[in-house]
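Visitor: Supplied in structure tokens, the structure appears directly below.
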Amino acid sequence: MEKQFPILQIIDPNGNIIDENYENEITEHLIKTFYSHMVRMRVFDRKAVSLQRQGRIGTYAPFEGQEAAQAGSALALNPDDWMFPTYRDHGAAMAFGHSLKSILLFWNGRNEGCIPPKGKNIFPPGIPIATQIPHAAGAAFAEKLKGTRNASIAYFGDGATSEGDFHEGLNFASVVKAPVVFFNENNQYAISVPFHKQMNSKTIAQKSLAYDIPGVRVDGNDVFAVYFQTMKALEAARNGEGPSLIEAVTWRYGAHTTADDPSKYRDQAKSHQRREITDPIIRLERFMKNYGFFDQVWIDMVQKEAADEIDQAIKEMEQFPAAKPGDIFDFVFAKLVWPIKQQKEEYLEMIGGDKK
Amino acid sequence: MEKQFPILQIIDPNGNIIDENYENEITEHLIKTFYSHMVRMRVFDRKAVSLQRQGRIGTYAPFEGQEAAQAGSALALNPDDWMFPTYRDHGAAMAFGHSLKSILLFWNGRNEGCIPPKGKNIFPPGIPIATQIPHAAGAAFAEKLKGTRNASIAYFGDGATSEGDFHEGLNFASVVKAPVVFFNENNQYAISVPFHKQMNSKTIAQKSLAYDIPGVRVDGNDVFAVYFQTMKALEAARNGEGPSLIEAVTWRYGAHTTADDPSKYRDQAKSHQRREITDPIIRLERFMKNYGFFDQVWIDMVQKEAADEIDQAIKEMEQFPAAKPGDIFDFVFAKLVWPIKQQKEEYLEMIGGDKK
Amino acid sequence: MRAAIKTQTLTLVQAINDALRIMLQENQNVILMGEDIGKNGGVFRATEGLQSEFGEDRVLDTPLSEAGFIGAAIGMAVNGFIPVAEIQFLGFIYPAFEQIMTHASRLRMRTMGHYTVPMVIRAPYGAGVRAPEIHCDSTEALFTHMPGIKVVCPSSPADAKGLLIAAIEDPDPVLFLEPMRCYRSSREEVPEGKYSIEIGKGKKLVEGTDVTIISWGAMIPVALKAAEEMKIQEVSCEVIDLRTLYPLDQDLISESVQKTGRTVIVHEAHSTGGVGNDVLAIINDTSFLYQKAPTERVTGFDTPVPYFGFEDYYLPTEKRVVKAIEKVLSF
Amino acid sequence: MRAAIKTQTLTLVQAINDALRIMLQENQNVILMGEDIGKNGGVFRATEGLQSEFGEDRVLDTPLSEAGFIGAAIGMAVNGFIPVAEIQFLGFIYPAFEQIMTHASRLRMRTMGHYTVPMVIRAPYGAGVRAPEIHCDSTEALFTHMPGIKVVCPSSPADAKGLLIAAIEDPDPVLFLEPMRCYRSSREEVPEGKYSIEIGKGKKLVEGTDVTIISWGAMIPVALKAAEEMKIQEVSCEVIDLRTLYPLDQDLISESVQKTGRTVIVHEAHSTGGVGNDVLAIINDTSFLYQKAPTERVTGFDTPVPYFGFEDYYLPTEKRVVKAIEKVLSF
Ligand SMILES: Cc1ncc(C[n+]2csc(CCOP(=O)(O)OP(=O)(O)O)c2C)c(N)n1
Ligand SMILES: Cc1ncc(C[n+]2csc(CCOP(=O)(O)OP(=O)(O)O)c2C)c(N)n1
Ligand SMILES: [Mg+2]
Ligand SMILES: [Mg+2]
């Protein structure tokens, strides 16, 4: 099966183009877009980890190492498409246009962080594993019924493929030919459980065969491979050809979440050594150097802009008004039902009104 | 995929051996065993349908047409293996040694019907679709842990493959290499929903690829093909090679259950015309004629023995003691807990004791 | 004088079919989903004729995959549709439990109203029709304890139609339980055309002064018969059909209990954790001093709903209700 | 004089680890299953060190598949093993809901005792630790309403150990809820070696005469603090830790309520359908005339457990309990 589903690459770890079909498609604009998004994502991610350490946000799920998978896929979307991320896909969400302030608010336990910018179809991060997969199928099917050319993308990890919802979502989508891309980030661990204990198959892409849908395996650290394969899958979806499954093979360098200690289950030194070969940003820099796009001044600017933007978002997050007790009652139903109304009134009376 | 998973046959619809590898394995004993079991199953099934019509049992799920799939697979088991049937697999259960009286009691709403004969590992028929699949994986894994050579078999329909439990059961079994055979009876309908609305794939066997386990498609109306393929899968399981998936392509001639009206969703006249080509008993008779095993006297005897045995079982079922009210309380836990004890006492007092 | 309302004589399941047809006609975004609801018209014929009238896209036969199609329905609901999903029997809702519990019911709250899930899940429930196991569960309490979803359970054809229309028009998820024992057991005059009945409002079926009987769904006929029987003994029972199980009709309950001071709750679900205890809580909270006797609960037992050979023992009977009425009277 | 019992000072999660180790040692058929319970020792370290001590076959890291491994555990339980399955957080039990509801809890009844499911499902539950959504549910009532499974919920290390051992030895399925807020919040002396505490028996933590406070799990510290506070006002509160949620300790509840006549129930689950209502039913059934005031329930609201930025509003506090005590006293 590994032969039937080879890991597609467009640039190799040394930053050389190995698939000539794409030579003309890789424009400077594309390169700079990818690079700046990936840097922005990494700066954000590291900053978020340190915010958590300082107790300024709650438990956080870092995605360092998965930037190419997230940027490449998210940037392939059209503005009106739908995104269904997990707790680890805020990189994808920010690339697709979510606000950094919102993402930080989410990680600080605030529902306000689940509200996407106006006009952006981004679901709140999926916490119960794999449950977002049928949602993506349904939202995509709705677009099909409406007769648009919009598609949806569902993100999920290698561990998520073990859940029934993965199977049911793919089966449903394949039957109704919903325009959806099932985008798997195979970072090879589900918390501590390694790939080979999660499944007996050697690839995730081959699971597409169960549904007779296209399946492909890409190097998840090659942003070009991810981008063009996602584009292809989205294009097929828009054309009425139904869903596809993409397995982006990648790795997380850090912990599962800030509450996790990866040294319990793997050698973190080795994990970091992988950077040399697999780090998606280093690889893109090599490519930029090889092909004359490397510009330290521009890179420094990108770094700085990212840092500034994130600092600004942190400020906004921290200046955000305190959580209003009344809010927990008001959004359960469109209209308060009496038990909740009564509970709200009693509670607010006890604490002396809705101003904490 | 239909090419990768051809429908294996040993005898063709005309009753000729087309796979010479098995010529020597098809002994008279085997032929007679298969034939008598299939006849017994069919006589039972028709009798049960008419019992239901007469109001002597409850809703019943007929399996006419699926006798070869059930006999061929069940007769491949060893006595100590585990069977996990659905509501449509009482044919398999009776071939494996369940008592006819028990099966009738089950269909008459009596839990006593779920108790297998001593020493026989037969689970109660699975009603919530696909839920028995993980059980079979677990029971098989238990055998592996104990170090025996016993295996388990899980029966399920084409519709069942859409449930998450199908996927989770196969994935679990593939990871722990549980000695289990996943035996699918693809009768091409889930109540009214035809195969092509159930899934986008053309075969069920190909779903094995998702788990990197062996998958095979057999003619479910060819009892030899079913038997030898099941044997092979069981043998692999006993040898530590893990699970396999068998798709037995078949057809039910009758209704989904006696509460179903198949003419609502398919042409029943056409369904019955299929008999000419596919009826597993007719096919076996053709084979017996072609190869000189046909013996009308013996066949009449088989028919008669089956009818007598079933009449006897019906008598036993109908003479079975009335349901005891106390029983609904006594088997919830090993020891009555007070709420149930209190409910039991109050109830029995009201109805004047446990004698209805 | 009120204008005459045109009516039809319908069974409960026909009334449901009527409500579905009306809503499919009226709102292009309404879409029915479920197993065997198309050509087959549903195993109880609740969707009979609707696929041929409205097409396969609006009356969708789904794969046998409750988590899959309820999950997909959530995605569709968020994206402009109003899915009305049929679960073939309430006992088969459990595979979709996670989707309902963590998404359908929470999405509005999670996103502070940005995403909402205007969907209906219809499910026949209850024992007494000699069906196989799991086909007989009455586990409404699992959903009344789930914040963010309303639970409705009509007992009559006219209520079924009006409440189902209300459920489809409700901006939030509604679990709509259909007492299958009442599907065809009686007919009544049902107004033609579109009308709706407010969710959250019960109904006084019989006015009385001595004892309040509170029930819903398939237990209503049992409650009514018991009330009838008590009339002979000159006991005046008030019979209340809750109709909505979340939110309960607190006013109706407390008003009646404050009048009679004696209450019998009848439901077929298990006693422990049953919705009867929520009624008890309302009485405790609103009508403590009016109680002349401890409330009696006549319920299914704390046992799984047994195989149908035993189900008559499990289900509350008129006799058990009468005994409870006598008990609250003689306290 | 009693013989001195050797003890160790343990946190609740350490006590659980101790109980698991003892049972793995004692009974070859005990097998632990779950996500990340092996090398990682569980996300809360409840199974720390057990895989290296007992091997991968006895402490099994499963795929991320709750229905799959609970379903498999049922098959294993029927076939001679005693699986102790860890659900990483109670909110992730929902995918396995069908397996628990239709099989684990019913198999004994279905087969009249021929097949039984001696398994334990362990799950950390509850809010207050700033965890993401769904990690904070307290939905014990979904399981107390499920016939055929017992529900246990200790609040202290010593109880946790004794009850977990009892759960593993119980011939029927037990859902064992671990208040994650108490995992490391305090230590106590826990007897060494094997001992068990009877399932179904609560415990009087504080003797009192004026008001009965009934609670369990993570709300026990809140109840205790409120009782402490009331002491200053010279109100004597009796505090009862239910410890088992099905079956409830009817005797302990009624004995205390009959003494004080005033009751406050404290739980963090949603009010409607909460186990508090089962306690109310016991009071109604056994102690009606002893009541001097309507029972007060201090509970989580009928809202999803909110994101942690809001969770302090959701969770019952000492202040809310004190207010309820004052209310039952001033009635
Ligand atoms: C239904 C469910 N079970 C368990 C968990 C706890 N959990 C959170 S993340 C995780 C591992 C997920 O692994 P994977 O799908 O590979 O995604 P990754 O975290 O590697 O991105 C687990 C077990 C959960 N969130 N939901
Ligand atoms: C979880 C669940 N959902 C729905 C049903 C209702 N139901 C009973 S049988 C059936 C169709 C099953 O089809 P298939 O798996 O092909 O088996 P067959 O009946 O054809 O043998 C359905 C939908 C059920 N029993 N369980
Ligand atoms: Mg992963
Ligand atoms: Mg079928």
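Numbering starts fresh at 1 for the residues of each chain in the structure tokens, the chains themselves are lettered A, B, ... in the order given, and ligands are numbered from 1 as they appear.
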Give the residue list for ligand 2 at 6 Å, counting only C-alpha atoms and all ligand atoms, as a list in words, sorted by chain and then by residue number.
Guide: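 Every residue with an atom at most 6 Å from ligand 2 is listed here: Arg88, Ile127, Pro128, Ile129, Phe156, Gly157, Asp158, Gly159, Ala160, Asn187, Tyr189, Ala190, Ile191 and His256 of chain B; Leu64, Gln88 and Phe92 of chain C.
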Visitor: Output N, CA, C and O atoms for every residue in the selection just made, as a PDB file, in the first residue's frame.
Guide:
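Okay, result-v3.pdb is ready:
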```pdb
ATOM      1  N   ARG B  88     -30.825 -11.988  11.860  1.00  0.00           N
ATOM      2  CA  ARG B  88     -31.145 -12.761  10.661  1.00  0.00           C
ATOM      3  C   ARG B  88     -30.307 -14.031  10.563  1.00  0.00           C
ATOM      4  O   ARG B  88     -30.342 -14.745   9.560  1.00  0.00           O
ATOM      5  N   ILE B 127     -29.244  -6.848  17.865  1.00  0.00           N
ATOM      6  CA  ILE B 127     -30.334  -6.032  17.319  1.00  0.00           C
ATOM      7  C   ILE B 127     -29.815  -4.645  16.898  1.00  0.00           C
ATOM      8  O   ILE B 127     -30.054  -4.221  15.784  1.00  0.00           O
ATOM      9  N   PRO B 128     -29.109  -3.946  17.768  1.00  0.00           N
ATOM     10  CA  PRO B 128     -28.590  -2.634  17.312  1.00  0.00           C
ATOM     11  C   PRO B 128     -27.460  -2.893  16.313  1.00  0.00           C
ATOM     12  O   PRO B 128     -26.452  -3.503  16.659  1.00  0.00           O
ATOM     13  N   ILE B 129     -27.682  -2.429  15.117  1.00  0.00           N
ATOM     14  CA  ILE B 129     -26.833  -2.834  13.993  1.00  0.00           C
ATOM     15  C   ILE B 129     -25.341  -2.600  14.267  1.00  0.00           C
ATOM     16  O   ILE B 129     -24.938  -1.526  14.705  1.00  0.00           O
ATOM     17  N   PHE B 156     -22.862  -9.900   9.944  1.00  0.00           N
ATOM     18  CA  PHE B 156     -23.483  -8.578   9.789  1.00  0.00           C
ATOM     19  C   PHE B 156     -23.848  -8.365   8.327  1.00  0.00           C
ATOM     20  O   PHE B 156     -23.296  -9.007   7.433  1.00  0.00           O
ATOM     21  N   GLY B 157     -24.773  -7.448   8.119  1.00  0.00           N
ATOM     22  CA  GLY B 157     -25.279  -7.200   6.775  1.00  0.00           C
ATOM     23  C   GLY B 157     -24.548  -6.084   6.058  1.00  0.00           C
ATOM     24  O   GLY B 157     -23.640  -5.448   6.599  1.00  0.00           O
ATOM     25  N   ASP B 158     -24.961  -5.840   4.826  1.00  0.00           N
ATOM     26  CA  ASP B 158     -24.366  -4.766   4.033  1.00  0.00           C
ATOM     27  C   ASP B 158     -24.636  -3.412   4.691  1.00  0.00           C
ATOM     28  O   ASP B 158     -23.749  -2.551   4.765  1.00  0.00           O
ATOM     29  N   GLY B 159     -25.848  -3.229   5.187  1.00  0.00           N
ATOM     30  CA  GLY B 159     -26.165  -1.955   5.832  1.00  0.00           C
ATOM     31  C   GLY B 159     -25.278  -1.701   7.037  1.00  0.00           C
ATOM     32  O   GLY B 159     -24.887  -0.563   7.315  1.00  0.00           O
ATOM     33  N   ALA B 160     -24.944  -2.762   7.738  1.00  0.00           N
ATOM     34  CA  ALA B 160     -24.151  -2.634   8.962  1.00  0.00           C
ATOM     35  C   ALA B 160     -22.781  -2.016   8.720  1.00  0.00           C
ATOM     36  O   ALA B 160     -22.186  -1.433   9.628  1.00  0.00           O
ATOM     37  N   ASN B 187     -26.747  -8.994   1.333  1.00  0.00           N
ATOM     38  CA  ASN B 187     -27.990  -9.361   0.632  1.00  0.00           C
ATOM     39  C   ASN B 187     -28.542  -8.160  -0.141  1.00  0.00           C
ATOM     40  O   ASN B 187     -29.672  -8.159  -0.602  1.00  0.00           O
ATOM     41  N   TYR B 189     -29.641  -5.301   0.424  1.00  0.00           N
ATOM     42  CA  TYR B 189     -30.630  -4.365   0.964  1.00  0.00           C
ATOM     43  C   TYR B 189     -30.454  -4.229   2.469  1.00  0.00           C
ATOM     44  O   TYR B 189     -30.163  -5.206   3.154  1.00  0.00           O
ATOM     45  N   ALA B 190     -30.650  -3.034   2.948  1.00  0.00           N
ATOM     46  CA  ALA B 190     -30.809  -2.800   4.386  1.00  0.00           C
ATOM     47  C   ALA B 190     -32.246  -2.305   4.508  1.00  0.00           C
ATOM     48  O   ALA B 190     -32.536  -1.158   4.187  1.00  0.00           O
ATOM     49  N   ILE B 191     -33.114  -3.184   4.921  1.00  0.00           N
ATOM     50  CA  ILE B 191     -34.558  -2.979   4.770  1.00  0.00           C
ATOM     51  C   ILE B 191     -34.793  -2.543   3.322  1.00  0.00           C
ATOM     52  O   ILE B 191     -34.578  -3.355   2.422  1.00  0.00           O
ATOM     53  N   HIS B 256     -37.838  -8.030   4.723  1.00  0.00           N
ATOM     54  CA  HIS B 256     -36.835  -7.762   5.748  1.00  0.00           C
ATOM     55  C   HIS B 256     -37.228  -8.442   7.059  1.00  0.00           C
ATOM     56  O   HIS B 256     -36.437  -9.143   7.675  1.00  0.00           O
TER      57      HIS B 256
ATOM     58  N   LEU C  64     -27.104   3.559   6.798  1.00  0.00           N
ATOM     59  CA  LEU C  64     -27.468   3.070   8.132  1.00  0.00           C
ATOM     60  C   LEU C  64     -26.419   3.553   9.131  1.00  0.00           C
ATOM     61  O   LEU C  64     -25.521   2.799   9.525  1.00  0.00           O
ATOM     62  N   GLN C  88     -35.039   5.522  13.479  1.00  0.00           N
ATOM     63  CA  GLN C  88     -36.082   4.525  13.218  1.00  0.00           C
ATOM     64  C   GLN C  88     -36.835   4.114  14.488  1.00  0.00           C
ATOM     65  O   GLN C  88     -38.059   3.950  14.461  1.00  0.00           O
ATOM     66  N   PHE C  92     -32.360   3.399  18.805  1.00  0.00           N
ATOM     67  CA  PHE C  92     -31.246   3.450  17.858  1.00  0.00           C
ATOM     68  C   PHE C  92     -30.668   4.854  17.751  1.00  0.00           C
ATOM     69  O   PHE C  92     -29.909   5.160  16.821  1.00  0.00           O
TER      70      PHE C  92
END
```
Visitor: Using only C-alpha atoms, find each residue of chain C with at least one atom at most 9 Å away from an atom of chain B; report its shortest atom-to-atom pair and that distance in Å (one decimal), sort the rows by chain and rising residue number, and return the result as a tab-separated table.
Guide:
```
residue	atom	partner	partner_atom	distance
C:Glu35	CA	B:Val193	CA	7.4
C:Asp36	CA	B:Ser192	CA	5.6
C:Ile37	CA	B:Ser192	CA	8.8
C:Gly38	CA	B:Ser192	CA	8.6
C:Lys39	CA	B:Tyr265	CA	5.7
C:Asn40	CA	B:Lys264	CA	5.5
C:Gly41	CA	B:Lys264	CA	8.4
C:Val43	CA	B:Asp260	CA	7.5
C:Asp61	CA	B:Val193	CA	7.2
C:Thr62	CA	B:Gln198	CA	7.2
C:Pro63	CA	B:Gln198	CA	4.6
C:Leu64	CA	B:Ser162	CA	5.5
C:Ser65	CA	B:Glu163	CA	4.8
C:Glu66	CA	B:Glu163	CA	7.5
C:Ala67	CA	B:Gly164	CA	7.8
C:Gly68	CA	B:Glu163	CA	8.0
C:Gly91	CA	B:Pro128	CA	8.1
C:Phe92	CA	B:Pro128	CA	6.7
C:Pro95	CA	B:Gly164	CA	8.1
C:Arg130	CA	B:Gly58	CA	6.6
C:Ala131	CA	B:Thr59	CA	6.9
C:Pro132	CA	B:Gly109	CA	7.0
C:Glu133	CA	B:Ile127	CA	7.2
C:Ile134	CA	B:Pro128	CA	7.3
C:His135	CA	B:Ile127	CA	8.8
C:Ser271	CA	B:Pro339	CA	8.8
C:Thr272	CA	B:Pro339	CA	8.3
C:Phe301	CA	B:Gln343	CA	6.6
C:Asp302	CA	B:Ile340	CA	5.9
C:Thr303	CA	B:Val332	CA	6.2
C:Pro304	CA	B:Val332	CA	7.5
C:Val305	CA	B:Ile328	CA	8.6
C:Pro306	CA	B:Ile328	CA	6.5
C:Tyr307	CA	B:Gly109	CA	4.9
C:Phe308	CA	B:Gly109	CA	4.6
C:Gly309	CA	B:Gly109	CA	4.3
C:Phe310	CA	B:Ala323	CA	6.3
C:Glu311	CA	B:Gly109	CA	8.8
C:Asp312	CA	B:Pro325	CA	8.9
C:Tyr313	CA	B:Pro325	CA	6.0
C:Tyr314	CA	B:Ile328	CA	7.8
C:Lys319	CA	B:Met350	CA	8.8
C:Arg320	CA	B:Met350	CA	8.0
C:Lys323	CA	B:Met350	CA	8.8
```
Visitor: I need the contact residues of chain A against chain B, so if you could list those with any atom within 9 Å, counting only C-alpha atoms, and return them as an mmCIF file with N, CA, C and O atoms, in the first residue's frame, that would help.
Guide:
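This is the output file out.cif:
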```
data_model
loop_
_atom_site.group_PDB
_atom_site.id
_atom_site.type_symbol
_atom_site.label_atom_id
_atom_site.label_comp_id
_atom_site.auth_asym_id
_atom_site.auth_seq_id
_atom_site.Cartn_x
_atom_site.Cartn_y
_atom_site.Cartn_z
ATOM 1 N N MET A 1 0.806 -1.224 0.000
ATOM 2 C CA MET A 1 0.000 0.000 0.000
ATOM 3 C C MET A 1 0.835 1.269 0.000
ATOM 4 O O MET A 1 0.429 2.291 -0.526
ATOM 5 N N SER A 162 -9.531 6.387 13.859
ATOM 6 C CA SER A 162 -10.050 5.202 14.553
ATOM 7 C C SER A 162 -11.488 5.356 15.012
ATOM 8 O O SER A 162 -12.122 4.372 15.403
ATOM 9 N N GLU A 163 -11.984 6.566 15.028
ATOM 10 C CA GLU A 163 -13.340 6.794 15.534
ATOM 11 C C GLU A 163 -14.376 6.451 14.470
ATOM 12 O O GLU A 163 -14.162 6.679 13.273
ATOM 13 N N GLY A 164 -15.525 6.013 14.925
ATOM 14 C CA GLY A 164 -16.619 5.721 14.012
ATOM 15 C C GLY A 164 -17.028 6.917 13.171
ATOM 16 O O GLY A 164 -17.414 6.767 12.009
ATOM 17 N N ASP A 165 -16.948 8.113 13.735
ATOM 18 C CA ASP A 165 -17.383 9.295 12.995
ATOM 19 C C ASP A 165 -16.543 9.553 11.749
ATOM 20 O O ASP A 165 -17.024 10.136 10.781
ATOM 21 N N PHE A 166 -15.295 9.156 11.788
ATOM 22 C CA PHE A 166 -14.459 9.259 10.581
ATOM 23 C C PHE A 166 -15.101 8.428 9.471
ATOM 24 O O PHE A 166 -15.366 8.903 8.365
ATOM 25 N N HIS A 167 -15.376 7.201 9.795
ATOM 26 C CA HIS A 167 -15.942 6.263 8.827
ATOM 27 C C HIS A 167 -17.317 6.725 8.350
ATOM 28 O O HIS A 167 -17.609 6.730 7.142
ATOM 29 N N GLU A 168 -18.147 7.112 9.282
ATOM 30 C CA GLU A 168 -19.515 7.478 8.911
ATOM 31 C C GLU A 168 -19.535 8.757 8.082
ATOM 32 O O GLU A 168 -20.339 8.900 7.158
ATOM 33 N N ASN A 171 -18.233 7.844 4.576
ATOM 34 C CA ASN A 171 -19.224 7.058 3.836
ATOM 35 C C ASN A 171 -20.388 7.936 3.385
ATOM 36 O O ASN A 171 -20.794 7.897 2.221
ATOM 37 N N PHE A 172 -20.894 8.744 4.300
ATOM 38 C CA PHE A 172 -22.021 9.627 3.947
ATOM 39 C C PHE A 172 -21.621 10.527 2.774
ATOM 40 O O PHE A 172 -22.340 10.633 1.784
ATOM 41 N N SER A 174 -19.351 10.166 0.559
ATOM 42 C CA SER A 174 -19.116 9.458 -0.700
ATOM 43 C C SER A 174 -20.438 9.090 -1.367
ATOM 44 O O SER A 174 -20.552 9.126 -2.589
ATOM 45 N N VAL A 175 -21.440 8.766 -0.560
ATOM 46 C CA VAL A 175 -22.734 8.383 -1.136
ATOM 47 C C VAL A 175 -23.443 9.588 -1.752
ATOM 48 O O VAL A 175 -23.988 9.500 -2.850
ATOM 49 N N VAL A 176 -23.439 10.711 -1.051
ATOM 50 C CA VAL A 176 -24.164 11.879 -1.576
ATOM 51 C C VAL A 176 -23.265 12.769 -2.449
ATOM 52 O O VAL A 176 -23.698 13.796 -2.927
ATOM 53 N N LYS A 177 -22.048 12.344 -2.653
ATOM 54 C CA LYS A 177 -21.073 13.110 -3.446
ATOM 55 C C LYS A 177 -20.969 14.555 -2.947
ATOM 56 O O LYS A 177 -21.071 15.528 -3.714
ATOM 57 N N HIS A 196 1.486 3.001 14.724
ATOM 58 C CA HIS A 196 1.334 1.547 14.530
ATOM 59 C C HIS A 196 0.465 0.889 15.585
ATOM 60 O O HIS A 196 0.065 -0.256 15.433
ATOM 61 N N LYS A 197 0.190 1.596 16.674
ATOM 62 C CA LYS A 197 -0.776 1.048 17.638
ATOM 63 C C LYS A 197 -2.184 1.572 17.372
ATOM 64 O O LYS A 197 -3.149 1.140 17.986
ATOM 65 N N GLN A 198 -2.252 2.558 16.512
ATOM 66 C CA GLN A 198 -3.539 3.166 16.194
ATOM 67 C C GLN A 198 -4.229 2.380 15.093
ATOM 68 O O GLN A 198 -5.440 2.299 15.051
ATOM 69 N N MET A 199 -3.432 1.857 14.190
ATOM 70 C CA MET A 199 -4.022 1.135 13.058
ATOM 71 C C MET A 199 -3.017 0.137 12.544
ATOM 72 O O MET A 199 -1.815 0.237 12.792
ATOM 73 N N ASN A 200 -3.541 -0.823 11.814
ATOM 74 C CA ASN A 200 -2.715 -1.867 11.232
ATOM 75 C C ASN A 200 -2.248 -1.479 9.832
ATOM 76 O O ASN A 200 -1.295 -2.037 9.311
ATOM 77 N N SER A 201 -2.920 -0.515 9.240
ATOM 78 C CA SER A 201 -2.537 -0.107 7.893
ATOM 79 C C SER A 201 -1.302 0.782 7.964
ATOM 80 O O SER A 201 -1.046 1.418 8.975
ATOM 81 N N LYS A 202 -0.574 0.812 6.871
ATOM 82 C CA LYS A 202 0.666 1.589 6.863
ATOM 83 C C LYS A 202 0.424 3.026 6.433
ATOM 84 O O LYS A 202 1.264 3.894 6.601
ATOM 85 N N THR A 203 -0.713 3.244 5.788
ATOM 86 C CA THR A 203 -1.045 4.601 5.372
ATOM 87 C C THR A 203 -2.481 4.905 5.780
ATOM 88 O O THR A 203 -3.274 3.995 6.046
ATOM 89 N N ILE A 204 -2.778 6.182 5.806
ATOM 90 C CA ILE A 204 -4.161 6.604 6.023
ATOM 91 C C ILE A 204 -4.843 6.788 4.672
ATOM 92 O O ILE A 204 -6.035 6.507 4.522
ATOM 93 N N ALA A 205 -4.076 7.186 3.694
ATOM 94 C CA ALA A 205 -4.645 7.427 2.360
ATOM 95 C C ALA A 205 -5.396 6.207 1.841
ATOM 96 O O ALA A 205 -6.437 6.330 1.200
ATOM 97 N N GLN A 206 -4.887 5.019 2.147
ATOM 98 C CA GLN A 206 -5.524 3.818 1.619
ATOM 99 C C GLN A 206 -6.943 3.625 2.143
ATOM 100 O O GLN A 206 -7.726 2.866 1.570
ATOM 101 N N LYS A 207 -7.281 4.308 3.224
ATOM 102 C CA LYS A 207 -8.643 4.171 3.760
ATOM 103 C C LYS A 207 -9.682 4.752 2.784
ATOM 104 O O LYS A 207 -10.873 4.457 2.884
ATOM 105 N N SER A 208 -9.213 5.543 1.829
ATOM 106 C CA SER A 208 -10.117 6.049 0.796
ATOM 107 C C SER A 208 -10.697 4.913 -0.043
ATOM 108 O O SER A 208 -11.792 5.028 -0.587
ATOM 109 N N LEU A 209 -9.953 3.818 -0.141
ATOM 110 C CA LEU A 209 -10.406 2.704 -0.977
ATOM 111 C C LEU A 209 -11.709 2.116 -0.455
ATOM 112 O O LEU A 209 -12.510 1.586 -1.225
ATOM 113 N N ALA A 210 -11.909 2.222 0.833
ATOM 114 C CA ALA A 210 -13.141 1.675 1.410
ATOM 115 C C ALA A 210 -14.371 2.391 0.872
ATOM 116 O O ALA A 210 -15.471 1.848 0.904
ATOM 117 N N TYR A 211 -14.175 3.625 0.422
ATOM 118 C CA TYR A 211 -15.308 4.445 -0.022
ATOM 119 C C TYR A 211 -15.239 4.743 -1.516
ATOM 120 O O TYR A 211 -16.036 5.518 -2.014
ATOM 121 N N ASP A 212 -14.298 4.152 -2.167
ATOM 122 C CA ASP A 212 -14.077 4.425 -3.594
ATOM 123 C C ASP A 212 -13.999 5.917 -3.877
ATOM 124 O O ASP A 212 -14.658 6.439 -4.784
ATOM 125 N N ILE A 213 -13.231 6.599 -3.074
ATOM 126 C CA ILE A 213 -12.984 8.019 -3.331
ATOM 127 C C ILE A 213 -11.476 8.194 -3.542
ATOM 128 O O ILE A 213 -10.685 7.353 -3.105
#
```
Visitor: Determine which residues of region 109-271 of chain A DSSP labels as strand (DSSP E or B) from the backbone of this structure, then write them out as a count of residues only.
Guide: 31
Visitor: Restricting the calculation to only C-alpha atoms, which member of C:Ser105, C:Ser330, C:Ser256, C:Gln250 is positioned closest to chain D?
Guide: C:Ser105
Visitor: Just the residues within 12 Å of Leu8 (chain B), please, counting only C-alpha atoms, with nothing from its chain fewer than 2 positions along; format it as a ChimeraX atom specification.
Guide: /B:2-6,10-12,17-19,205,215-229,246-249
Visitor: Write down as number ranges by chain the residues belonging to region 108-206 of chain A that are assigned alpha helix (DSSP H) by DSSP computed on the backbone.
Guide: A: 132-146, 164-176, 195-198
Visitor: So the first atom is CA of Thr139 (chain D) and the second is CA of Ala269 (chain D); what is the distance between them in Å, to one decimal place?
Guide: 6.2 Å
Visitor: With a distance cut-off of 7 Å and only C-alpha atoms, select the neighbouring residues of region 171-184 of chain D, excluding the residue or stretch itself and same-chain residues fewer than 3 positions from it, and output the selection as a VMD selection string.
Guide: (chain B and resid 333 to 334) or (chain D and resid 11 to 13 104 to 105 116 to 126 128 to 129 149 to 155 167 217 to 218)
